[in-house]
Structures are given as structure tokens and as C-alpha cells.
file upload_4.tsv (TSV, C-alpha atoms and all ligand atoms)
chain	number	residue	atom	x	y	z
A	1	MET	CA	-13.26	-11.90	-2.55
A	2	ASP	CA	-13.52	-8.75	-4.63
A	3	ILE	CA	-10.20	-7.51	-5.91
A	4	LYS	CA	-9.36	-3.87	-5.21
A	5	ILE	CA	-6.86	-1.99	-7.35
A	6	ALA	CA	-4.71	0.66	-5.69
A	7	PRO	CA	-2.60	2.60	-8.20
A	8	SER	CA	0.56	4.01	-6.60
A	9	ILE	CA	1.01	7.65	-7.52
A	10	LEU	CA	4.78	7.28	-7.13
A	11	ALA	CA	4.84	6.40	-10.83
A	12	CYS	CA	2.58	9.21	-12.05
A	13	ASP	CA	3.48	12.65	-13.40
A	14	PHE	CA	4.30	14.58	-10.20
A	15	GLY	CA	3.74	17.87	-12.02
A	16	ARG	CA	0.08	16.94	-12.49
A	17	LEU	CA	-0.66	14.93	-9.35
A	18	GLY	CA	-4.26	16.08	-8.84
A	19	GLU	CA	-5.21	15.51	-12.45
A	20	GLU	CA	-3.52	12.10	-12.52
A	21	ILE	CA	-5.51	11.03	-9.46
A	22	ARG	CA	-8.81	12.11	-11.03
A	23	THR	CA	-7.99	10.32	-14.27
A	24	VAL	CA	-6.97	7.06	-12.62
A	25	ILE	CA	-10.12	7.09	-10.44
A	26	GLU	CA	-12.24	7.53	-13.59
A	27	ALA	CA	-10.35	4.54	-14.99
A	28	GLY	CA	-11.54	2.41	-12.08
A	29	ALA	CA	-9.06	2.77	-9.19
A	30	ASP	CA	-10.62	1.59	-5.92
A	31	LEU	CA	-8.02	3.24	-3.69
A	32	ILE	CA	-5.19	5.70	-4.23
A	33	HIS	CA	-1.91	4.39	-2.83
A	34	ILE	CA	0.40	7.12	-1.55
A	35	ASP	CA	4.03	6.24	-0.83
A	36	VAL	CA	5.64	8.31	1.90
A	37	MET	CA	9.44	8.01	2.08
A	38	ASP	CA	11.76	9.82	4.45
A	39	GLY	CA	15.29	9.17	3.17
A	40	HIS	CA	16.04	7.20	6.38
A	41	PHE	CA	13.90	4.08	6.49
A	42	VAL	CA	14.31	3.94	2.71
A	43	PRO	CA	16.90	5.76	0.59
A	44	ASN	CA	14.34	7.78	-1.35
A	45	ILE	CA	12.34	10.88	-0.35
A	46	SER	CA	8.83	11.36	-1.71
A	47	ILE	CA	5.91	13.30	-0.29
A	48	GLY	CA	4.61	14.45	3.10
A	49	PRO	CA	1.40	15.57	4.83
A	50	PRO	CA	0.94	18.95	3.07
A	51	VAL	CA	0.90	17.25	-0.32
A	52	VAL	CA	-1.52	14.59	0.90
A	53	ALA	CA	-3.79	17.36	2.24
A	54	ALA	CA	-3.67	19.17	-1.10
A	55	LEU	CA	-4.57	15.99	-2.96
A	56	ARG	CA	-7.56	15.18	-0.76
A	57	GLN	CA	-9.95	17.24	-2.89
A	58	TYR	CA	-8.97	15.27	-6.02
A	59	CYS	CA	-9.48	11.92	-4.36
A	60	SER	CA	-13.04	10.57	-4.26
A	61	VAL	CA	-11.89	7.09	-3.18
A	62	PRO	CA	-10.02	6.16	0.02
A	63	MET	CA	-6.45	7.41	0.38
A	64	ASP	CA	-4.19	4.48	1.25
A	65	VAL	CA	-1.09	5.98	2.87
A	66	HIS	CA	1.98	3.72	3.02
A	67	LEU	CA	4.49	5.13	5.50
A	68	MET	CA	8.06	4.10	4.73
A	69	ILE	CA	9.48	6.20	7.54
A	70	THR	CA	11.31	5.77	10.82
A	71	GLU	CA	9.34	6.73	13.94
A	72	PRO	CA	5.96	6.43	12.26
A	73	GLU	CA	4.26	7.18	15.62
A	74	ARG	CA	5.42	10.80	15.31
A	75	TYR	CA	3.56	11.42	12.07
A	76	VAL	CA	0.32	9.43	12.03
A	77	ALA	CA	-1.76	12.36	13.36
A	78	ASP	CA	-0.43	14.64	10.61
A	79	PHE	CA	-1.42	12.13	7.93
A	80	ALA	CA	-4.84	11.54	9.52
A	81	ASN	CA	-5.43	15.30	9.59
A	82	ALA	CA	-4.30	15.51	5.96
A	83	GLY	CA	-7.18	13.19	5.05
A	84	ALA	CA	-5.68	9.69	4.97
A	85	ASP	CA	-8.27	6.91	5.22
A	86	ILE	CA	-5.88	4.00	5.71
A	87	ILE	CA	-2.48	4.44	7.36
A	88	SER	CA	0.02	1.60	7.14
A	89	PHE	CA	3.36	1.52	8.95
A	90	HIS	CA	6.31	-0.86	8.68
A	91	ILE	CA	6.63	-3.40	11.48
A	92	GLU	CA	10.42	-2.95	11.11
A	93	ALA	CA	10.09	0.76	12.00
A	94	ALA	CA	7.67	0.75	14.93
A	95	LYS	CA	8.82	0.43	18.55
A	96	HIS	CA	5.33	-0.19	19.93
A	97	PRO	CA	3.31	-1.47	16.99
A	98	HIS	CA	0.30	-2.56	19.04
A	99	ARG	CA	-0.02	0.91	20.57
A	100	LEU	CA	0.41	2.49	17.15
A	101	VAL	CA	-2.47	0.47	15.70
A	102	SER	CA	-4.74	1.82	18.47
A	103	ALA	CA	-3.49	5.36	17.89
A	104	ILE	CA	-4.28	5.17	14.16
A	105	LYS	CA	-7.78	3.85	14.87
A	106	GLU	CA	-8.39	6.56	17.48
A	107	LEU	CA	-7.58	9.09	14.78
A	108	GLY	CA	-10.48	7.64	12.78
A	109	CYS	CA	-8.39	5.78	10.19
A	110	GLN	CA	-7.99	2.15	9.30
A	111	ALA	CA	-4.68	0.70	10.45
A	112	GLY	CA	-2.39	-1.41	8.31
A	113	VAL	CA	0.89	-3.11	9.10
A	114	VAL	CA	3.56	-3.62	6.42
A	115	LEU	CA	6.21	-6.33	6.16
A	116	ASN	CA	9.37	-6.08	4.09
A	117	PRO	CA	10.24	-9.06	1.88
A	118	GLY	CA	12.78	-10.30	4.44
A	119	THR	CA	10.41	-10.10	7.43
A	120	SER	CA	8.52	-13.16	8.63
A	121	GLU	CA	4.77	-13.16	9.27
A	122	ASP	CA	5.65	-14.41	12.77
A	123	ASP	CA	6.49	-10.80	13.61
A	124	ILE	CA	2.82	-9.86	13.39
A	125	GLU	CA	1.36	-12.91	15.11
A	126	PHE	CA	0.07	-10.79	18.00
A	127	LEU	CA	-1.07	-7.90	15.80
A	128	ALA	CA	-2.98	-9.92	13.27
A	129	ASP	CA	-6.24	-9.69	15.20
A	130	VAL	CA	-6.18	-5.91	15.65
A	131	VAL	CA	-5.11	-4.55	12.26
A	132	ASP	CA	-7.57	-3.74	9.47
A	133	MET	CA	-5.09	-4.64	6.75
A	134	VAL	CA	-1.76	-6.38	6.19
A	135	LEU	CA	0.46	-5.07	3.42
A	136	LEU	CA	3.14	-7.41	2.12
A	137	MET	CA	6.00	-5.89	0.16
A	138	SER	CA	6.91	-7.91	-2.91
A	139	VAL	CA	9.94	-5.68	-3.57
A	140	ASN	CA	12.29	-3.97	-1.15
A	141	PRO	CA	10.68	-0.60	-0.43
A	142	GLY	CA	12.00	2.69	-1.77
A	143	PHE	CA	11.51	2.66	-5.49
A	144	GLY	CA	8.97	1.86	-8.17
A	145	GLY	CA	9.67	-0.35	-11.15
A	146	GLN	CA	11.46	-3.19	-9.37
A	147	GLU	CA	11.11	-6.89	-10.01
A	148	PHE	CA	8.59	-8.99	-8.07
A	149	ILE	CA	10.13	-11.27	-5.41
A	150	PRO	CA	8.36	-14.67	-5.69
A	151	GLU	CA	9.18	-15.81	-2.12
A	152	VAL	CA	6.39	-13.51	-0.96
A	153	LEU	CA	3.78	-15.91	-2.36
A	154	ARG	CA	4.18	-18.34	0.51
A	155	LYS	CA	3.96	-15.46	2.97
A	156	ILE	CA	0.70	-14.31	1.35
A	157	GLN	CA	-0.77	-17.78	1.94
A	158	ASN	CA	0.37	-17.78	5.55
A	159	VAL	CA	-0.97	-14.29	6.26
A	160	ARG	CA	-4.30	-15.06	4.59
A	161	ALA	CA	-4.68	-17.95	7.01
A	162	MET	CA	-4.04	-15.53	9.91
A	163	ILE	CA	-6.43	-12.69	9.00
A	164	GLY	CA	-9.65	-14.27	7.73
A	165	ASN	CA	-11.35	-12.05	5.18
A	166	ARG	CA	-9.67	-8.78	6.10
A	167	ASP	CA	-7.67	-6.91	3.45
A	168	LEU	CA	-4.34	-8.37	2.33
A	169	GLU	CA	-2.52	-5.92	0.08
A	170	VAL	CA	0.56	-6.66	-2.03
A	171	ASP	CA	2.92	-3.94	-3.22
A	172	GLY	CA	5.76	-4.06	-5.74
A	173	GLY	CA	6.29	-5.45	-9.21
A	174	ILE	CA	2.60	-6.10	-9.82
A	175	ASP	CA	1.56	-6.60	-13.44
A	176	GLU	CA	-0.95	-8.85	-15.19
A	177	THR	CA	1.13	-11.98	-14.54
A	178	THR	CA	2.15	-11.38	-10.93
A	179	ALA	CA	-1.38	-10.13	-10.12
A	180	ARG	CA	-2.71	-13.56	-10.97
A	181	MET	CA	-0.08	-15.21	-8.78
A	182	VAL	CA	-0.70	-13.06	-5.72
A	183	VAL	CA	-4.49	-13.30	-5.94
A	184	GLU	CA	-4.24	-17.05	-6.24
A	185	ALA	CA	-2.09	-17.04	-3.09
A	186	GLY	CA	-4.72	-15.02	-1.20
A	187	ALA	CA	-4.20	-11.29	-1.81
A	188	ASN	CA	-7.21	-9.06	-2.50
A	189	VAL	CA	-5.72	-5.55	-2.77
A	190	LEU	CA	-3.21	-4.92	-5.54
A	191	VAL	CA	-0.89	-1.91	-5.56
A	192	ALA	CA	0.47	-1.07	-9.00
A	193	GLY	CA	2.63	1.91	-9.87
A	194	SER	CA	4.54	1.50	-13.13
A	195	TYR	CA	2.12	-1.01	-14.59
A	196	VAL	CA	-0.76	1.47	-14.45
A	197	PHE	CA	0.91	4.85	-14.90
A	198	LYS	CA	3.37	3.82	-17.62
A	199	SER	CA	0.59	2.19	-19.65
A	200	GLU	CA	-1.12	3.70	-22.68
A	201	SER	CA	-4.54	3.28	-21.09
A	202	TYR	CA	-5.06	3.42	-17.32
A	203	LEU	CA	-8.48	1.87	-17.86
A	204	GLU	CA	-7.15	-1.16	-19.71
A	205	ALA	CA	-4.30	-1.62	-17.23
A	206	ILE	CA	-6.68	-1.55	-14.25
A	207	GLU	CA	-9.15	-3.87	-15.98
A	208	SER	CA	-6.40	-6.36	-16.80
A	209	LEU	CA	-5.34	-6.46	-13.15
A	210	ARG	CA	-8.92	-6.98	-12.03
A	211	LEU	CA	-9.42	-9.76	-14.58
A	212	ALA	CA	-6.19	-11.42	-13.50
A	213	GLY	CA	-7.85	-11.86	-10.16
A	214	LYS	CA	-10.86	-13.72	-11.53
B	301	LIG	C1	7.81	0.86	-3.30
B	301	LIG	C2	6.42	1.42	-3.14
B	301	LIG	C3	5.47	0.97	-4.14
B	301	LIG	C4	5.81	1.35	-5.56
B	301	LIG	C5	5.37	0.21	-6.43
B	301	LIG	O1	8.57	1.18	-2.22
B	301	LIG	O2	5.90	1.06	-1.87
B	301	LIG	O3	4.13	1.35	-3.83
B	301	LIG	O4	5.22	2.54	-6.00
B	301	LIG	O5	5.80	0.45	-7.71
B	301	LIG	P1	5.73	-0.67	-8.87
B	301	LIG	O6	4.28	-1.06	-8.99
B	301	LIG	O7	6.25	0.07	-10.05
B	301	LIG	O8	6.58	-1.80	-8.43
B	302	ZN	ZN	3.71	1.41	-1.48
call {"tool": "encode", "arguments": {"input": "upload_4.tsv", "output": "C-alpha cells"}}
result
Amino acid sequence: MDIKIAPSILACDFGRLGEEIRTVIEAGADLIHIDVMDGHFVPNISIGPPVVAALRQYCSVPMDVHLMITEPERYVADFANAGADIISFHIEAAKHPHRLVSAIKELGCQAGVVLNPGTSEDDIEFLADVVDMVLLMSVNPGFGGQEFIPEVLRKIQNVRAMIGNRDLEVDGGIDETTARMVVEAGANVLVAGSYVFKSESYLEAIESLRLAGK
């Protein structure tokens, strides 16, 4: 499978968000990963729909919106209207996840479901056939720059066996070394915040992640 690289703008210069997005797309980003945090589901607060809408014009590749919020069902329409292409919600936060997947698709977006490191893939057994993407957290959500949790590797293998050739994204602590490990286990979409945005060259960082997957 082709490896897709999704830089997380959480690690970029927030004072120059639009410019950073353009630059990282020129450097080869396949998706732009946008972390939405509400200060409830996770301790941190990041960005909301108006910022996503403002960034749309800078983003010539799909916007991959990762909702780390309670009551995600209340906000999916706002993010779809803001221009999100993929909307992923946490299984731990959704009361009616199956209904929410349908709602996201009806809004014209792809639907993804996210699992925290401590959540078993069993929790999505009956969603696996309806989602467009599964996102596995390889750190506890809320912050960039944390260390990769290796137990997720087995979960990647299990989820790959459940979803055929649909997208399996991994998020947290991804660098050249862990990229190789997660791709080997079955991931095909790599989120990377610090590794890309704290590097000297976005192009070289993205290329090294892509190569790690070969
Ligand atoms: C964490 C976010 C990640 C974060 C990854 O809650 O979901 O997308 O930006 O950052 P790194 O790649 O630095 O671990
Ligand atoms: Zn994320």
C-alpha cells in the first residue's frame, strides 16, 4: 500500500499557520492533520471550526480533522462546513458511534474512528465495516512530542486484519524509526507533528518517513 504522510499542524508555528500549511504541502504532505482539543476530553485546548475554515484556502490536499472533544456529534456539521474532508472522532467520546459515522458521511466527509492507547479494537468490531478510516493513537491524546507506546503495534496488526485495504492511520511519536515499525505492522497513514515541523527540512523529514515505509 502507498504510504500517506499527514503532518500535524499542532507542532507548527501558530502565528504563520497558513504559510506553514503551504510549505509543508510543497514538501510532499499528502494530508494536513488538524488536532481539535476542547480542554475536556483532553487537557489541552487547540483550534476550532473558524480557524479550520480560514485555513481551507491554504490547503490543497485533504484536511484530516482529528476531534479530541466530548460530544463530537454536536460539532461535526461545523467542521464539515469549515471544509474538513475527513472527520475522525474518539470511540471513547461518542454515545452513538454508528449513527455518528452515518452523520459524517451524510455531510459529505469521510468518517474515521479513533482509539486511545488503552482502548481495545474489540470496541469497534461493529463499526469496522462502515468507517472509511481507523486512527490508532500511539500516545495518549492531548499533546505533541510524546513518546511512542509500542503496545499499539499489536493493535495495528489486529485492526489491519479487520479493515482490509482501508486507511489505517497512526498518530503520536512517529519518527523515522517508529514509522518503519508501524508500517510493518500494517499502518498506511502516518501522522507526524514534531518530527516534521521541528526538523530543518520539511521535505527531508517527509521523505524519510515515506522511505521508512518501503
Ligand atoms: C496528540 C495529537 C497528535 C500530535 C502528534 O494528541 O493527536 O496529532 O500532534 O504529535 P507528535 O507527532 O509530536 O507526537
Ligand atoms: Zn492527532
call {"tool": "residues_around", "arguments": {"input": "upload_4.tsv", "residues": "Asp78 (chain A)", "least_positions_apart": "6", "cutoff": "12 Å", "atoms": "all atoms listed in the file", "output": "PyMOL selection string"}}
result
chain A and resi 48-53+65+67+72+84+87+104+107+109
call {"tool": "residues_around", "arguments": {"input": "upload_4.tsv", "residues": "Leu31 (chain A)", "least_positions_apart": "6", "cutoff": "12 Å", "atoms": "only C-alpha atoms", "output": "PyMOL selection string"}}
result
chain A and resi 3-9+21-22+24-25+59-65+84-86+169+189-192+206
call {"tool": "residues_near_ligand", "arguments": {"input": "upload_4.tsv", "ligand": "ligand ZN 302 (chain B)", "cutoff": "9 Å", "atoms": "all atoms listed in the file", "output": "PyMOL selection string"}}
result
chain A and resi 8+10+33-36+64-68+135+137+141-144+170-172+191-193
call {"tool": "atom_distance", "arguments": {"input": "upload_4.tsv", "atom1": "CA of Pro117 (chain A)", "atom2": "CA of Gly83 (chain A)"}}
result
28.4 Å
call {"tool": "closest_residue", "arguments": {"input": "upload_4.tsv", "among": "A:Gly39, A:Gly112, A:Gly186, A:Gly145", "to": "ligand LIG 301 (chain B)", "atoms": "all atoms listed in the file"}}
result
A:Gly145
call {"tool": "atom_distance", "arguments": {"input": "upload_4.tsv", "atom1": "CA of Ile174 (chain A)", "atom2": "CA of Arg16 (chain A)"}}
result
23.3 Å
call {"tool": "build_atoms", "arguments": {"input": "upload_4.tsv", "residues": "region 44-78 of chain A", "atoms": "N, CA and C atoms", "output": "mmCIF file, in the frame of the given file"}}
result
data_model
loop_
_atom_site.group_PDB
_atom_site.id
_atom_site.type_symbol
_atom_site.label_atom_id
_atom_site.label_comp_id
_atom_site.auth_asym_id
_atom_site.auth_seq_id
_atom_site.Cartn_x
_atom_site.Cartn_y
_atom_site.Cartn_z
ATOM 1 N N ASN A 44 15.013 6.763 -0.533
ATOM 2 C CA ASN A 44 14.340 7.780 -1.350
ATOM 3 C C ASN A 44 13.523 8.738 -0.481
ATOM 4 N N ILE A 45 13.229 9.917 -1.022
ATOM 5 C CA ILE A 45 12.340 10.880 -0.350
ATOM 6 C C ILE A 45 11.182 11.148 -1.295
ATOM 7 N N SER A 46 9.949 11.107 -0.787
ATOM 8 C CA SER A 46 8.830 11.360 -1.710
ATOM 9 C C SER A 46 7.964 12.514 -1.215
ATOM 10 N N ILE A 47 6.822 12.209 -0.622
ATOM 11 C CA ILE A 47 5.910 13.300 -0.290
ATOM 12 C C ILE A 47 5.486 13.235 1.178
ATOM 13 N N GLY A 48 4.992 14.370 1.685
ATOM 14 C CA GLY A 48 4.610 14.450 3.100
ATOM 15 C C GLY A 48 3.179 14.949 3.273
ATOM 16 N N PRO A 49 2.789 15.203 4.533
ATOM 17 C CA PRO A 49 1.400 15.570 4.830
ATOM 18 C C PRO A 49 0.825 16.750 4.040
ATOM 19 N N PRO A 50 1.567 17.840 3.799
ATOM 20 C CA PRO A 50 0.940 18.950 3.070
ATOM 21 C C PRO A 50 0.498 18.556 1.660
ATOM 22 N N VAL A 51 1.268 17.694 1.030
ATOM 23 C CA VAL A 51 0.900 17.250 -0.320
ATOM 24 C C VAL A 51 -0.329 16.341 -0.251
ATOM 25 N N VAL A 52 -0.345 15.459 0.733
ATOM 26 C CA VAL A 52 -1.520 14.590 0.900
ATOM 27 C C VAL A 52 -2.766 15.452 1.128
ATOM 28 N N ALA A 53 -2.646 16.478 1.966
ATOM 29 C CA ALA A 53 -3.790 17.360 2.240
ATOM 30 C C ALA A 53 -4.262 18.057 0.963
ATOM 31 N N ALA A 54 -3.310 18.478 0.146
ATOM 32 C CA ALA A 54 -3.670 19.170 -1.100
ATOM 33 C C ALA A 54 -4.348 18.235 -2.085
ATOM 34 N N LEU A 55 -4.012 16.957 -2.009
ATOM 35 C CA LEU A 55 -4.570 15.990 -2.960
ATOM 36 C C LEU A 55 -5.949 15.485 -2.545
ATOM 37 N N ARG A 56 -6.289 15.705 -1.279
ATOM 38 C CA ARG A 56 -7.560 15.180 -0.760
ATOM 39 C C ARG A 56 -8.752 15.540 -1.649
ATOM 40 N N GLN A 57 -8.791 16.790 -2.103
ATOM 41 C CA GLN A 57 -9.950 17.240 -2.890
ATOM 42 C C GLN A 57 -10.043 16.557 -4.263
ATOM 43 N N TYR A 58 -8.959 15.960 -4.716
ATOM 44 C CA TYR A 58 -8.970 15.270 -6.020
ATOM 45 C C TYR A 58 -9.354 13.801 -5.862
ATOM 46 N N CYS A 59 -9.433 13.358 -4.601
ATOM 47 C CA CYS A 59 -9.480 11.920 -4.360
ATOM 48 C C CYS A 59 -10.836 11.499 -3.798
ATOM 49 N N SER A 60 -11.692 10.972 -4.665
ATOM 50 C CA SER A 60 -13.040 10.570 -4.260
ATOM 51 C C SER A 60 -13.098 9.125 -3.768
ATOM 52 N N VAL A 61 -11.968 8.454 -3.727
ATOM 53 C CA VAL A 61 -11.890 7.090 -3.180
ATOM 54 C C VAL A 61 -10.932 7.146 -1.973
ATOM 55 N N PRO A 62 -10.901 6.102 -1.154
ATOM 56 C CA PRO A 62 -10.020 6.160 0.020
ATOM 57 C C PRO A 62 -8.544 6.381 -0.330
ATOM 58 N N MET A 63 -7.892 7.190 0.509
ATOM 59 C CA MET A 63 -6.450 7.410 0.380
ATOM 60 C C MET A 63 -5.732 6.384 1.254
ATOM 61 N N ASP A 64 -4.896 5.593 0.615
ATOM 62 C CA ASP A 64 -4.190 4.480 1.250
ATOM 63 C C ASP A 64 -2.737 4.920 1.424
ATOM 64 N N VAL A 65 -2.411 5.365 2.639
ATOM 65 C CA VAL A 65 -1.090 5.980 2.870
ATOM 66 C C VAL A 65 -0.113 4.941 3.425
ATOM 67 N N HIS A 66 0.946 4.713 2.681
ATOM 68 C CA HIS A 66 1.980 3.720 3.020
ATOM 69 C C HIS A 66 3.199 4.463 3.556
ATOM 70 N N LEU A 67 3.381 4.397 4.871
ATOM 71 C CA LEU A 67 4.490 5.130 5.500
ATOM 72 C C LEU A 67 5.763 4.293 5.472
ATOM 73 N N MET A 68 6.737 4.741 4.714
ATOM 74 C CA MET A 68 8.060 4.100 4.730
ATOM 75 C C MET A 68 8.997 5.062 5.449
ATOM 76 N N ILE A 69 8.749 5.204 6.748
ATOM 77 C CA ILE A 69 9.480 6.200 7.540
ATOM 78 C C ILE A 69 9.867 5.622 8.887
ATOM 79 N N THR A 70 10.964 6.141 9.451
ATOM 80 C CA THR A 70 11.310 5.770 10.820
ATOM 81 C C THR A 70 10.381 6.555 11.758
ATOM 82 N N GLU A 71 10.225 6.095 12.947
ATOM 83 C CA GLU A 71 9.340 6.730 13.940
ATOM 84 C C GLU A 71 7.968 7.089 13.389
ATOM 85 N N PRO A 72 7.272 6.120 12.832
ATOM 86 C CA PRO A 72 5.960 6.430 12.260
ATOM 87 C C PRO A 72 4.993 7.029 13.279
ATOM 88 N N GLU A 73 5.183 6.664 14.579
ATOM 89 C CA GLU A 73 4.260 7.180 15.620
ATOM 90 C C GLU A 73 4.253 8.709 15.684
ATOM 91 N N ARG A 74 5.348 9.324 15.243
ATOM 92 C CA ARG A 74 5.420 10.800 15.310
ATOM 93 C C ARG A 74 4.552 11.480 14.253
ATOM 94 N N TYR A 75 4.194 10.756 13.221
ATOM 95 C CA TYR A 75 3.560 11.420 12.070
ATOM 96 C C TYR A 75 2.141 10.970 11.742
ATOM 97 N N VAL A 76 1.642 9.943 12.432
ATOM 98 C CA VAL A 76 0.320 9.430 12.030
ATOM 99 C C VAL A 76 -0.781 10.490 12.163
ATOM 100 N N ALA A 77 -0.710 11.330 13.191
ATOM 101 C CA ALA A 77 -1.760 12.360 13.360
ATOM 102 C C ALA A 77 -1.722 13.345 12.188
ATOM 103 N N ASP A 78 -0.533 13.705 11.748
ATOM 104 C CA ASP A 78 -0.430 14.640 10.610
ATOM 105 C C ASP A 78 -1.072 14.045 9.350
#
